[in-house]
$ cat data-v5.txt   # compact mmCIF, C-alpha atoms and all ligand atoms
# COMPACT_ATOMS: atom_id res chain seq x y z
CA MET Z 596 -60.04 -19.64 -184.14
CA PRO Z 597 -56.29 -19.90 -184.78
CA ALA Z 598 -54.42 -16.65 -185.35
CA ARG Z 599 -53.88 -15.18 -188.78
CA LEU Z 600 -50.30 -15.78 -189.89
CA ILE Z 601 -48.25 -12.70 -190.79
CA ASP Z 602 -46.07 -14.01 -193.59
CA GLY Z 603 -42.78 -12.14 -193.26
CA LYS Z 604 -41.22 -14.11 -196.09
CA ALA Z 605 -43.87 -13.05 -198.61
CA ILE Z 606 -43.88 -9.43 -197.40
CA ALA Z 607 -40.08 -9.35 -197.56
CA GLU Z 608 -40.08 -10.77 -201.09
CA SER Z 609 -42.45 -8.15 -202.47
CA THR Z 610 -40.55 -5.37 -200.64
CA ARG Z 611 -37.24 -6.63 -202.05
CA ALA Z 612 -38.68 -6.68 -205.58
CA ASP Z 613 -39.62 -3.02 -205.12
CA ILE Z 614 -36.15 -2.19 -203.76
CA ALA Z 615 -34.53 -3.97 -206.73
CA ARG Z 616 -36.59 -1.85 -209.10
CA ARG Z 617 -35.52 1.34 -207.29
CA VAL Z 618 -31.87 0.24 -207.31
CA GLY Z 619 -32.10 -0.24 -211.07
CA GLU Z 620 -33.59 3.24 -211.50
CA PHE Z 621 -30.94 4.79 -209.25
CA THR Z 622 -28.10 3.11 -211.14
CA ALA Z 623 -29.55 4.11 -214.52
CA ARG Z 624 -29.89 7.73 -213.37
CA THR Z 625 -26.55 8.15 -211.58
CA GLY Z 626 -24.28 5.49 -213.04
CA VAL Z 627 -23.60 4.37 -209.46
CA ARG Z 628 -24.35 0.93 -208.09
CA PRO Z 629 -25.19 1.11 -204.37
CA CYS Z 630 -22.68 -1.07 -202.53
CA LEU Z 631 -22.73 -2.73 -199.13
CA VAL Z 632 -19.56 -4.09 -197.54
CA ALA Z 633 -19.74 -6.48 -194.59
CA VAL Z 634 -16.81 -6.87 -192.22
CA LEU Z 635 -16.72 -10.35 -190.72
CA THR Z 636 -14.20 -10.90 -187.93
CA GLY Z 637 -13.39 -14.39 -186.72
CA ASP Z 638 -15.12 -17.66 -187.51
CA ASP Z 639 -18.42 -17.69 -185.63
CA PRO Z 640 -20.55 -20.03 -187.81
CA ALA Z 641 -23.84 -18.19 -187.17
CA SER Z 642 -22.25 -14.86 -188.15
CA ALA Z 643 -20.88 -16.44 -191.34
CA VAL Z 644 -24.40 -17.59 -192.26
CA TYR Z 645 -25.92 -14.16 -191.55
CA VAL Z 646 -23.27 -12.45 -193.68
CA LYS Z 647 -23.76 -14.93 -196.52
CA ASN Z 648 -27.54 -14.34 -196.47
CA LYS Z 649 -27.05 -10.58 -196.58
CA HIS Z 650 -24.52 -10.92 -199.40
CA THR Z 651 -26.91 -13.08 -201.46
CA ALA Z 652 -29.84 -10.72 -200.84
CA CYS Z 653 -27.69 -7.79 -202.02
CA GLU Z 654 -26.71 -9.58 -205.22
CA GLN Z 655 -30.30 -10.56 -205.96
CA ALA Z 656 -31.51 -6.97 -205.57
CA GLY Z 657 -28.80 -5.52 -207.84
CA PHE Z 658 -26.48 -4.06 -205.18
CA GLY Z 659 -22.73 -4.25 -205.29
CA THR Z 660 -21.49 -6.24 -202.30
CA ARG Z 661 -18.29 -7.47 -200.74
CA VAL Z 662 -17.26 -9.29 -197.58
CA ILE Z 663 -14.01 -8.38 -195.83
CA ARG Z 664 -12.87 -11.25 -193.63
CA LEU Z 665 -10.56 -10.57 -190.71
CA PRO Z 666 -8.99 -13.37 -188.68
CA ALA Z 667 -10.21 -14.15 -185.15
CA GLN Z 668 -6.92 -12.75 -183.80
CA ALA Z 669 -7.39 -9.37 -185.53
CA THR Z 670 -6.56 -6.40 -183.33
CA GLN Z 671 -8.84 -3.51 -182.45
CA GLN Z 672 -6.61 -1.26 -184.57
CA GLU Z 673 -6.85 -3.54 -187.60
CA LEU Z 674 -10.62 -3.44 -187.38
CA LEU Z 675 -10.64 0.36 -186.96
CA ASP Z 676 -8.27 0.70 -189.94
CA THR Z 677 -10.56 -1.48 -192.04
CA VAL Z 678 -13.55 0.71 -191.19
CA ALA Z 679 -11.52 3.87 -191.91
CA GLY Z 680 -10.60 2.48 -195.34
CA LEU Z 681 -14.25 1.80 -196.13
CA ASN Z 682 -15.29 5.24 -194.86
CA ALA Z 683 -12.85 6.80 -197.30
CA ASP Z 684 -13.87 4.63 -200.28
CA PRO Z 685 -16.45 6.47 -202.42
CA THR Z 686 -17.57 3.22 -204.08
CA VAL Z 687 -18.77 1.87 -200.70
CA HIS Z 688 -22.09 3.28 -199.50
CA GLY Z 689 -22.98 1.02 -196.59
CA ILE Z 690 -20.76 -0.62 -193.96
CA LEU Z 691 -21.92 -3.50 -191.82
CA VAL Z 692 -19.73 -4.69 -188.96
CA GLN Z 693 -21.04 -8.15 -188.18
CA LEU Z 694 -21.53 -8.75 -184.45
CA PRO Z 695 -20.62 -10.32 -182.12
CA LEU Z 696 -16.92 -9.59 -182.36
CA PRO Z 697 -14.38 -11.99 -180.83
CA SER Z 698 -14.26 -11.39 -177.07
CA HIS Z 699 -10.93 -9.50 -177.04
CA LEU Z 700 -12.42 -6.75 -179.23
CA SER Z 701 -14.86 -4.05 -178.20
CA ALA Z 702 -17.70 -3.31 -180.54
CA GLN Z 703 -18.64 0.22 -179.47
CA PRO Z 704 -15.52 2.07 -180.73
CA VAL Z 705 -15.80 0.22 -184.03
CA LEU Z 706 -19.49 1.04 -184.48
CA ASP Z 707 -18.78 4.66 -183.50
CA ALA Z 708 -16.06 4.78 -186.18
CA VAL Z 709 -18.44 3.96 -189.06
CA HIS Z 710 -19.22 7.13 -191.02
CA PRO Z 711 -22.76 8.20 -190.07
CA LEU Z 712 -23.83 8.34 -193.73
CA LYS Z 713 -22.64 4.74 -194.24
CA ASP Z 714 -24.13 3.46 -190.98
CA VAL Z 715 -26.78 1.21 -192.51
CA ASP Z 716 -27.33 -0.66 -189.23
CA CYS Z 717 -28.21 2.65 -187.52
CA PHE Z 718 -25.86 2.06 -184.58
CA HIS Z 719 -23.89 5.32 -184.73
CA PRO Z 720 -24.80 7.72 -181.87
CA GLU Z 721 -25.61 10.46 -184.38
CA ASN Z 722 -28.15 8.23 -186.11
CA VAL Z 723 -29.58 6.91 -182.85
CA GLY Z 724 -29.96 10.52 -181.68
CA ARG Z 725 -31.74 11.47 -184.87
CA LEU Z 726 -34.03 8.47 -184.45
CA ALA Z 727 -34.89 9.55 -180.89
CA GLN Z 728 -35.68 13.04 -182.15
CA GLY Z 729 -38.03 11.72 -184.81
CA ARG Z 730 -35.83 12.76 -187.76
CA ALA Z 731 -34.17 9.49 -188.60
CA ARG Z 732 -31.73 9.17 -191.46
CA PHE Z 733 -31.78 5.38 -191.27
CA LEU Z 734 -34.16 3.14 -189.33
CA PRO Z 735 -32.58 0.22 -187.46
CA CYS Z 736 -33.23 -2.88 -189.52
CA THR Z 737 -35.04 -5.27 -187.17
CA PRO Z 738 -37.32 -2.67 -185.53
CA ALA Z 739 -38.11 -1.20 -188.95
CA GLY Z 740 -38.85 -4.70 -190.18
CA VAL Z 741 -41.33 -5.15 -187.33
CA GLN Z 742 -42.98 -1.82 -188.13
CA ARG Z 743 -43.24 -2.72 -191.83
CA LEU Z 744 -44.75 -6.10 -190.99
CA LEU Z 745 -47.42 -4.46 -188.86
CA GLY Z 746 -48.20 -2.02 -191.65
CA ALA Z 747 -48.31 -4.68 -194.36
CA ALA Z 748 -50.55 -6.88 -192.22
CA GLY Z 749 -52.95 -3.97 -191.65
CA VAL Z 750 -52.40 -3.89 -187.88
CA GLU Z 751 -53.23 -0.44 -186.53
CA THR Z 752 -50.69 0.97 -184.07
CA SER Z 753 -52.16 4.40 -183.39
CA GLY Z 754 -53.60 4.60 -179.89
CA ARG Z 755 -52.85 0.92 -179.28
CA HIS Z 756 -50.92 -0.47 -176.35
CA VAL Z 757 -47.70 -2.11 -177.51
CA VAL Z 758 -45.72 -4.15 -175.00
CA VAL Z 759 -42.11 -4.75 -176.04
CA LEU Z 760 -40.26 -7.52 -174.24
CA GLY Z 761 -36.56 -6.66 -174.28
CA ARG Z 762 -34.65 -3.37 -174.15
CA SER Z 763 -31.55 -4.08 -176.21
CA ASP Z 764 -29.96 -1.34 -178.30
CA ILE Z 765 -30.55 -3.46 -181.40
CA VAL Z 766 -34.23 -4.32 -181.04
CA GLY Z 767 -36.31 -3.41 -177.98
CA LYS Z 768 -35.16 0.14 -177.25
CA PRO Z 769 -35.22 1.52 -180.82
CA LEU Z 770 -38.50 -0.27 -181.57
CA ALA Z 771 -40.11 1.38 -178.54
CA LEU Z 772 -38.80 4.76 -179.73
CA MET Z 773 -40.14 4.24 -183.21
CA LEU Z 774 -43.61 3.07 -182.21
CA MET Z 775 -44.14 5.95 -179.76
CA GLN Z 776 -43.23 8.65 -182.31
CA ARG Z 777 -45.86 10.88 -183.85
CA GLY Z 778 -46.75 9.70 -187.30
CA PRO Z 779 -48.10 6.88 -189.43
CA GLY Z 780 -47.23 3.37 -188.34
CA ALA Z 781 -46.59 4.69 -184.84
CA ASN Z 782 -48.53 6.82 -182.31
CA ALA Z 783 -48.67 3.82 -179.98
CA THR Z 784 -48.60 3.75 -176.20
CA VAL Z 785 -45.53 1.67 -175.46
CA THR Z 786 -44.48 -0.33 -172.42
CA VAL Z 787 -40.97 -1.80 -172.39
CA CYS Z 788 -40.29 -4.85 -170.20
CA HIS Z 789 -36.97 -6.44 -169.26
CA SER Z 790 -35.47 -8.88 -166.82
CA GLN Z 791 -36.23 -6.64 -163.83
CA THR Z 792 -39.88 -6.02 -164.72
CA ARG Z 793 -42.36 -7.06 -162.03
CA ASN Z 794 -45.61 -8.82 -162.90
CA LEU Z 795 -44.66 -9.26 -166.53
CA PRO Z 796 -47.67 -11.44 -167.46
CA GLY Z 797 -49.98 -8.78 -165.97
CA LEU Z 798 -48.49 -6.28 -168.43
CA THR Z 799 -48.38 -8.52 -171.47
CA GLN Z 800 -52.05 -9.38 -170.98
CA THR Z 801 -52.89 -5.71 -171.57
CA ALA Z 802 -51.08 -5.55 -174.92
CA ASP Z 803 -52.92 -5.00 -178.19
CA ILE Z 804 -49.58 -5.74 -179.83
CA LEU Z 805 -46.97 -7.87 -178.05
CA VAL Z 806 -43.40 -7.93 -179.37
CA ALA Z 807 -41.05 -10.54 -177.95
CA ALA Z 808 -37.32 -9.81 -178.32
CA ILE Z 809 -35.58 -11.42 -175.37
CA GLY Z 810 -33.81 -14.50 -176.69
CA VAL Z 811 -35.53 -17.03 -174.41
CA PRO Z 812 -37.12 -19.93 -176.34
CA ARG Z 813 -40.94 -20.13 -176.08
CA PHE Z 814 -40.99 -17.60 -173.20
CA VAL Z 815 -44.36 -16.09 -174.15
CA THR Z 816 -47.10 -18.55 -173.27
CA ALA Z 817 -50.79 -18.46 -174.18
CA GLU Z 818 -51.71 -17.23 -170.68
CA MET Z 819 -49.62 -14.09 -171.25
CA VAL Z 820 -51.53 -13.03 -174.37
CA ALA Z 821 -54.86 -11.20 -174.58
CA PRO Z 822 -57.44 -12.78 -176.89
CA GLY Z 823 -57.12 -11.24 -180.36
CA ALA Z 824 -53.76 -9.55 -179.73
CA THR Z 825 -51.11 -9.31 -182.44
CA VAL Z 826 -47.92 -11.17 -181.48
CA ILE Z 827 -44.61 -10.38 -183.17
CA ASP Z 828 -41.83 -12.85 -182.42
CA VAL Z 829 -38.35 -11.41 -182.97
CA GLY Z 830 -36.55 -14.21 -181.15
CA ILE Z 831 -34.24 -16.60 -182.96
CA ASN Z 832 -33.15 -19.47 -180.75
CA ARG Z 833 -31.70 -22.83 -181.69
CA VAL Z 834 -33.26 -25.72 -179.74
CA ASP Z 835 -32.35 -29.30 -180.61
CA GLY Z 836 -31.09 -28.14 -184.00
CA ARG Z 837 -34.34 -26.28 -184.82
CA LEU Z 838 -35.02 -22.55 -184.90
CA VAL Z 839 -37.66 -21.44 -182.43
CA GLY Z 840 -38.82 -18.01 -181.40
CA ASP Z 841 -39.46 -16.37 -178.03
CA VAL Z 842 -43.14 -17.31 -178.34
CA ASP Z 843 -44.71 -20.69 -177.64
CA PHE Z 844 -46.12 -20.67 -181.14
CA GLY Z 845 -48.76 -23.42 -181.17
CA PRO Z 846 -50.67 -22.55 -177.96
CA VAL Z 847 -50.32 -18.78 -178.55
CA CYS Z 848 -51.85 -19.22 -182.03
CA GLU Z 849 -55.05 -20.37 -180.32
CA VAL Z 850 -55.37 -17.06 -178.45
CA ALA Z 851 -53.76 -14.37 -180.62
CA GLY Z 852 -55.48 -12.58 -183.49
CA ALA Z 853 -52.35 -12.47 -185.66
CA ILE Z 854 -48.84 -13.83 -185.23
CA THR Z 855 -45.46 -14.03 -186.98
CA PRO Z 856 -43.80 -17.44 -187.35
CA VAL Z 857 -40.15 -18.30 -186.68
CA PRO Z 858 -38.57 -18.76 -189.13
CA GLY Z 859 -40.31 -16.75 -191.85
CA GLY Z 860 -41.47 -13.76 -189.80
CA VAL Z 861 -39.23 -10.91 -188.69
CA GLY Z 862 -35.95 -12.46 -189.91
CA PRO Z 863 -36.46 -11.91 -193.66
CA MET Z 864 -37.60 -8.34 -192.98
CA THR Z 865 -34.35 -7.48 -191.18
CA ILE Z 866 -32.28 -8.17 -194.29
CA THR Z 867 -34.82 -6.36 -196.43
CA LEU Z 868 -34.48 -3.20 -194.36
CA LEU Z 869 -30.70 -3.47 -194.63
CA LEU Z 870 -31.11 -3.30 -198.41
CA GLU Z 871 -33.44 -0.33 -198.05
CA ASN Z 872 -30.88 1.47 -195.87
CA THR Z 873 -28.07 0.77 -198.33
CA LEU Z 874 -30.09 2.38 -201.11
CA THR Z 875 -30.82 5.35 -198.81
CA ALA Z 876 -27.11 5.61 -197.98
CA ALA Z 877 -26.21 5.69 -201.68
CA ARG Z 878 -28.81 8.40 -202.29
CA LEU Z 879 -27.42 10.47 -199.41
CA GLN Z 880 -23.85 10.15 -200.69
CA VAL Z 881 -24.43 10.43 -204.42
CA GLY Z 882 -27.35 12.84 -204.41
N1 LIG Z 901 -35.22 -11.68 -186.38
C1 LIG Z 901 -34.10 -10.94 -186.43
O1 LIG Z 901 -33.71 -10.48 -187.46
C2 LIG Z 901 -33.37 -10.67 -185.17
C3 LIG Z 901 -32.52 -9.57 -185.06
C4 LIG Z 901 -31.89 -9.33 -183.82
C5 LIG Z 901 -32.12 -10.18 -182.76
N2 LIG Z 901 -32.94 -11.27 -182.93
C6 LIG Z 901 -33.24 -12.18 -181.84
O2 LIG Z 901 -34.05 -11.49 -180.90
C7 LIG Z 901 -33.76 -11.93 -179.58
C8 LIG Z 901 -33.32 -10.75 -178.75
O3 LIG Z 901 -32.15 -10.20 -179.30
P1 LIG Z 901 -31.40 -8.96 -178.63
O4 LIG Z 901 -30.16 -8.73 -179.41
O5 LIG Z 901 -32.36 -7.85 -178.45
O6 LIG Z 901 -31.05 -9.64 -177.20
P2 LIG Z 901 -30.26 -9.12 -175.93
O7 LIG Z 901 -29.33 -8.01 -176.31
O8 LIG Z 901 -29.75 -10.33 -175.25
O9 LIG Z 901 -31.42 -8.47 -175.04
C9 LIG Z 901 -32.39 -9.28 -174.45
C10 LIG Z 901 -33.36 -8.41 -173.68
O10 LIG Z 901 -34.36 -9.26 -173.15
C11 LIG Z 901 -34.46 -9.06 -171.75
N3 LIG Z 901 -34.73 -10.33 -171.09
C12 LIG Z 901 -33.97 -11.44 -171.09
N4 LIG Z 901 -34.57 -12.42 -170.36
C13 LIG Z 901 -35.73 -11.89 -169.91
C14 LIG Z 901 -36.79 -12.41 -169.11
N5 LIG Z 901 -36.76 -13.65 -168.63
N6 LIG Z 901 -37.83 -11.60 -168.84
C15 LIG Z 901 -37.86 -10.33 -169.33
N7 LIG Z 901 -36.89 -9.79 -170.09
C16 LIG Z 901 -35.84 -10.58 -170.38
C17 LIG Z 901 -33.11 -8.50 -171.30
O11 LIG Z 901 -33.33 -7.75 -170.13
P3 LIG Z 901 -32.12 -6.94 -169.39
O12 LIG Z 901 -31.88 -5.73 -170.24
O13 LIG Z 901 -32.68 -6.61 -168.08
O14 LIG Z 901 -30.95 -7.88 -169.38
C18 LIG Z 901 -32.73 -7.65 -172.52
O15 LIG Z 901 -33.28 -6.36 -172.44
C19 LIG Z 901 -32.69 -13.01 -179.76
O16 LIG Z 901 -33.31 -14.27 -179.85
C20 LIG Z 901 -32.04 -12.67 -181.08
O17 LIG Z 901 -31.46 -13.79 -181.71
C21 LIG Z 901 -33.57 -11.51 -184.10

$ encode --input "data-v5.txt" --output "structure tokens" --more "lines below"
Ligand SMILES: NC(=O)c1ccc[n+]([C@@H]2O[C@H](COP(=O)([O-])OP(=O)(O)OC[C@H]3O[C@@H](n4cnc5c(N)ncnc54)[C@H](OP(=O)(O)O)[C@@H]3O)[C@@H](O)[C@H]2O)c1
Amino acid sequence: MPARLIDGKAIAESTRADIARRVGEFTARTGVRPCLVAVLTGDDPASAVYVKNKHTACEQAGFGTRVIRLPAQATQQELLDTVAGLNADPTVHGILVQLPLPSHLSAQPVLDAVHPLKDVDCFHPENVGRLAQGRARFLPCTPAGVQRLLGAAGVETSGRHVVVLGRSDIVGKPLALMLMQRGPGANATVTVCHSQTRNLPGLTQTADILVAAIGVPRFVTAEMVAPGATVIDVGINRVDGRLVGDVDFGPVCEVAGAITPVPGGVGPMTITLLLENTLTAARLQVG
């Protein structure tokens, strides 16, 4: 029987409606409109699309939102000064530095410069440390989106074996941390795989939940998946002008119990969690 489809688009829509309601309540109570500012440096077309999507989602959910555009030749200092200005602006609650930056700039000092209470991407070392200790202020957007999808789809994580493919600071590593924590939506036994992992199919075949976040189109084949497993595809790859995930969707559907599509799976949840974090940031700053 083909796998049940986990509809990230529908789950994201209902979550965003709930966030919009809470934004309205917050604004009515405090007189403050939560505001997210994105800093877009250079003219990478994919980054421009991501920023536009985030901007539109903010507007639709009742947030204030702005995009600051810096030229591709911007200096490290100009970027740091921009972040410092936003840190000091009480009308700005969340700051998003769109990555990747042009190659002459380094991202880490810029991400470190974002005020921890405005760090809605959860990249600041203070917030990553809090996440590791199980007392997160913000949850990183894509991993939190994955966790929400699992919850909304009724997929139990407690006691289950989750195999995460990929160990990036943005997806794989924080997701592994989150799923192994004590608590609801977690309590999993987690294995993290990467490019140096030996016998990767042998490990993926033991997964109750398999998360692919490596950026290799259709890497996960049906032979790598245990019958009935839940497969979450984080990958976004462009092949012949089409978006495809890290999972070979059609054949894997015949084996898996549940699966997320690309597009329409994890992607919409990432933006949704960014909205959630911006509301949290406003609450933390306004009280
Ligand atoms: N849906 C969303 O909202 C969303 C958000 C973020 C990212 N993404 C997508 O998710 C994918 C991963 O993104 P990322 O930022 O985490 O990527 P990344 O920083 O490039 O990290 C890729 C990870 O995959 C591992 N890897 C690469 N090839 C592998 C292979 N053949 N076998 C095993 N492991 C392999 C790498 O291992 P090493 O560490 O050993 O190099 C690394 O840990 C991309 O397609 C990206 O576009 C989607």

$ residues_around --input "data-v5.txt" --residues "segment 644-660 of chain Z" --least-positions-apart "4" --cutoff "10 Å" --atoms "only C-alpha atoms" --output "JSON list (two decimals) with C-alpha atoms, in the frame of the given file"
[["chain", "number", "residue", "atom", "x", "y", "z"],
["Z", 611, "ARG", "CA", -37.24, -6.63, -202.05],
["Z", 612, "ALA", "CA", -38.68, -6.68, -205.58],
["Z", 613, "ASP", "CA", -39.62, -3.02, -205.12],
["Z", 614, "ILE", "CA", -36.15, -2.19, -203.76],
["Z", 615, "ALA", "CA", -34.53, -3.97, -206.73],
["Z", 616, "ARG", "CA", -36.59, -1.85, -209.10],
["Z", 617, "ARG", "CA", -35.52, 1.34, -207.29],
["Z", 618, "VAL", "CA", -31.87, 0.24, -207.31],
["Z", 619, "GLY", "CA", -32.10, -0.24, -211.07],
["Z", 622, "THR", "CA", -28.10, 3.11, -211.14],
["Z", 627, "VAL", "CA", -23.60, 4.37, -209.46],
["Z", 628, "ARG", "CA", -24.35, 0.93, -208.09],
["Z", 629, "PRO", "CA", -25.19, 1.11, -204.37],
["Z", 630, "CYS", "CA", -22.68, -1.07, -202.53],
["Z", 631, "LEU", "CA", -22.73, -2.73, -199.13],
["Z", 632, "VAL", "CA", -19.56, -4.09, -197.54],
["Z", 633, "ALA", "CA", -19.74, -6.48, -194.59],
["Z", 634, "VAL", "CA", -16.81, -6.87, -192.22],
["Z", 635, "LEU", "CA", -16.72, -10.35, -190.72],
["Z", 639, "ASP", "CA", -18.42, -17.69, -185.63],
["Z", 640, "PRO", "CA", -20.55, -20.03, -187.81],
["Z", 686, "THR", "CA", -17.57, 3.22, -204.08],
["Z", 687, "VAL", "CA", -18.77, 1.87, -200.70],
["Z", 688, "HIS", "CA", -22.09, 3.28, -199.50],
["Z", 689, "GLY", "CA", -22.98, 1.02, -196.59],
["Z", 691, "LEU", "CA", -21.92, -3.50, -191.82],
["Z", 692, "VAL", "CA", -19.73, -4.69, -188.96],
["Z", 693, "GLN", "CA", -21.04, -8.15, -188.18],
["Z", 694, "LEU", "CA", -21.53, -8.75, -184.45],
["Z", 863, "PRO", "CA", -36.46, -11.91, -193.66],
["Z", 865, "THR", "CA", -34.35, -7.48, -191.18],
["Z", 866, "ILE", "CA", -32.28, -8.17, -194.29],
["Z", 867, "THR", "CA", -34.82, -6.36, -196.43],
["Z", 869, "LEU", "CA", -30.70, -3.47, -194.63],
["Z", 870, "LEU", "CA", -31.11, -3.30, -198.41],
["Z", 873, "THR", "CA", -28.07, 0.77, -198.33],
["Z", 874, "LEU", "CA", -30.09, 2.38, -201.11]]

$ closest_atom_pairs --input "data-v5.txt" --of "chain Z" --to "ligand LIG 901 (chain Z)" --cutoff "8 Å" --atoms "only C-alpha atoms and all ligand atoms" --output "Markdown table"
| residue | atom | partner | partner_atom | distance |
| --- | --- | --- | --- | --- |
| Z:Cys736 | CA | Z:LIG901 | O1 | 7.9 |
| Z:Thr737 | CA | Z:LIG901 | O1 | 5.4 |
| Z:Leu760 | CA | Z:LIG901 | N7 | 5.8 |
| Z:Gly761 | CA | Z:LIG901 | O10 | 3.6 |
| Z:Arg762 | CA | Z:LIG901 | O15 | 3.7 |
| Z:Ser763 | CA | Z:LIG901 | O5 | 4.5 |
| Z:Asp764 | CA | Z:LIG901 | O5 | 6.9 |
| Z:Ile765 | CA | Z:LIG901 | O5 | 5.6 |
| Z:Val766 | CA | Z:LIG901 | O5 | 4.8 |
| Z:Gly767 | CA | Z:LIG901 | O5 | 6.0 |
| Z:Cys788 | CA | Z:LIG901 | N7 | 6.0 |
| Z:His789 | CA | Z:LIG901 | N7 | 3.5 |
| Z:Ser790 | CA | Z:LIG901 | N7 | 3.7 |
| Z:Gln791 | CA | Z:LIG901 | O13 | 5.5 |
| Z:Thr792 | CA | Z:LIG901 | C15 | 6.6 |
| Z:Leu795 | CA | Z:LIG901 | C15 | 7.4 |
| Z:Ala807 | CA | Z:LIG901 | C7 | 7.6 |
| Z:Ala808 | CA | Z:LIG901 | C8 | 4.1 |
| Z:Ile809 | CA | Z:LIG901 | O10 | 3.3 |
| Z:Gly810 | CA | Z:LIG901 | O16 | 3.2 |
| Z:Val811 | CA | Z:LIG901 | N4 | 6.2 |
| Z:Pro812 | CA | Z:LIG901 | O16 | 7.7 |
| Z:Phe814 | CA | Z:LIG901 | N5 | 7.4 |
| Z:Asp828 | CA | Z:LIG901 | N1 | 7.8 |
| Z:Val829 | CA | Z:LIG901 | N1 | 4.6 |
| Z:Gly830 | CA | Z:LIG901 | O16 | 3.5 |
| Z:Ile831 | CA | Z:LIG901 | O16 | 4.0 |
| Z:Asn832 | CA | Z:LIG901 | O16 | 5.3 |
| Z:Gly840 | CA | Z:LIG901 | O16 | 6.8 |
| Z:Asp841 | CA | Z:LIG901 | O16 | 6.7 |
| Z:Gly860 | CA | Z:LIG901 | N1 | 7.4 |
| Z:Val861 | CA | Z:LIG901 | N1 | 4.7 |
| Z:Gly862 | CA | Z:LIG901 | N1 | 3.7 |
| Z:Pro863 | CA | Z:LIG901 | O1 | 6.9 |
| Z:Met864 | CA | Z:LIG901 | O1 | 7.1 |
| Z:Thr865 | CA | Z:LIG901 | O1 | 4.8 |
| Z:Ile866 | CA | Z:LIG901 | O1 | 7.4 |

$ atom_distance --input "data-v5.txt" --atom1 "atom CA of Pro695 of chain Z" --atom2 "atom CA of Asp638 of chain Z"
10.6 Å

$ atom_distance --input "data-v5.txt" --atom1 "atom CA of Arg878 of chain Z" --atom2 "atom CA of Arg730 of chain Z"
16.7 Å

$ residues_around --input "data-v5.txt" --residues "Glu849 of chain Z" --least-positions-apart "6" --cutoff "9 Å" --atoms "all atoms listed in the file" --output "list in words"
Met596, Pro597, Ala598, Ala817 and Pro822 of chain Z

$ closest_residue --input "data-v5.txt" --among "Z:Gln671, Z:Gln800, Z:Ser753, Z:Gln880" --to "Gly778 of chain Z" --atoms "all atoms listed in the file"
Z:Ser753

$ residues_around --input "data-v5.txt" --residues "Gln668 of chain Z" --least-positions-apart "5" --cutoff "9 Å" --atoms "all atoms listed in the file" --output "compact mmCIF listing (two decimals) with C-alpha atoms, keeping the file's coordinate frame"
# COMPACT_ATOMS: atom_id res chain seq x y z
CA THR Z 636 -14.20 -10.90 -187.93
CA GLY Z 637 -13.39 -14.39 -186.72
CA PRO Z 697 -14.38 -11.99 -180.83
CA HIS Z 699 -10.93 -9.50 -177.04

$ atom_distance --input "data-v5.txt" --atom1 "atom CA of Glu608 of chain Z" --atom2 "atom CA of Glu871 of chain Z"
12.7 Å

$ closest_residue --input "data-v5.txt" --among "Z:Ile827, Z:Val834, Z:Val759, Z:Val839" --to "Ile854 of chain Z" --atoms "all atoms listed in the file"
Z:Ile827

$ closest_residue --input "data-v5.txt" --among "Z:Ala747, Z:Thr799, Z:Pro711, Z:Gly845" --to "Ala605 of chain Z" --atoms "all atoms listed in the file"
Z:Ala747

$ closest_residue --input "data-v5.txt" --among "Z:Leu798, Z:Leu712, Z:Val826, Z:Ala702" --to "Asp843 of chain Z" --atoms "only C-alpha atoms"
Z:Val826

$ decode --input "data-v5.txt" --residues "segment 644-653 of chain Z" --atoms "N, CA and C atoms" --output "PDB file, in the first residue's frame"
ATOM      1  N   VAL Z 644      13.977  34.859  -3.444  1.00  0.00           N
ATOM      2  CA  VAL Z 644      12.674  34.181  -3.382  1.00  0.00           C
ATOM      3  C   VAL Z 644      12.341  33.788  -1.943  1.00  0.00           C
ATOM      4  N   TYR Z 645      13.325  33.233  -1.230  1.00  0.00           N
ATOM      5  CA  TYR Z 645      13.080  32.842   0.169  1.00  0.00           C
ATOM      6  C   TYR Z 645      12.651  34.050   0.997  1.00  0.00           C
ATOM      7  N   VAL Z 646      13.367  35.166   0.814  1.00  0.00           N
ATOM      8  CA  VAL Z 646      13.048  36.364   1.605  1.00  0.00           C
ATOM      9  C   VAL Z 646      11.655  36.886   1.254  1.00  0.00           C
ATOM     10  N   LYS Z 647      11.329  36.845  -0.026  1.00  0.00           N
ATOM     11  CA  LYS Z 647       9.990  37.313  -0.442  1.00  0.00           C
ATOM     12  C   LYS Z 647       8.897  36.435   0.193  1.00  0.00           C
ATOM     13  N   ASN Z 648       9.116  35.113   0.193  1.00  0.00           N
ATOM     14  CA  ASN Z 648       8.125  34.203   0.785  1.00  0.00           C
ATOM     15  C   ASN Z 648       7.949  34.476   2.282  1.00  0.00           C
ATOM     16  N   LYS Z 649       9.062  34.727   2.952  1.00  0.00           N
ATOM     17  CA  LYS Z 649       8.983  35.005   4.397  1.00  0.00           C
ATOM     18  C   LYS Z 649       8.252  36.320   4.638  1.00  0.00           C
ATOM     19  N   HIS Z 650       8.558  37.316   3.797  1.00  0.00           N
ATOM     20  CA  HIS Z 650       7.933  38.633   3.909  1.00  0.00           C
ATOM     21  C   HIS Z 650       6.411  38.504   3.732  1.00  0.00           C
ATOM     22  N   THR Z 651       5.999  37.782   2.701  1.00  0.00           N
ATOM     23  CA  THR Z 651       4.564  37.605   2.433  1.00  0.00           C
ATOM     24  C   THR Z 651       3.882  36.865   3.581  1.00  0.00           C
ATOM     25  N   ALA Z 652       4.536  35.823   4.083  1.00  0.00           N
ATOM     26  CA  ALA Z 652       3.950  35.048   5.190  1.00  0.00           C
ATOM     27  C   ALA Z 652       3.783  35.938   6.416  1.00  0.00           C
ATOM     28  N   CYS Z 653       4.750  36.809   6.672  1.00  0.00           N
ATOM     29  CA  CYS Z 653       4.655  37.739   7.804  1.00  0.00           C
ATOM     30  C   CYS Z 653       3.453  38.655   7.635  1.00  0.00           C
TER      31      CYS Z 653
END
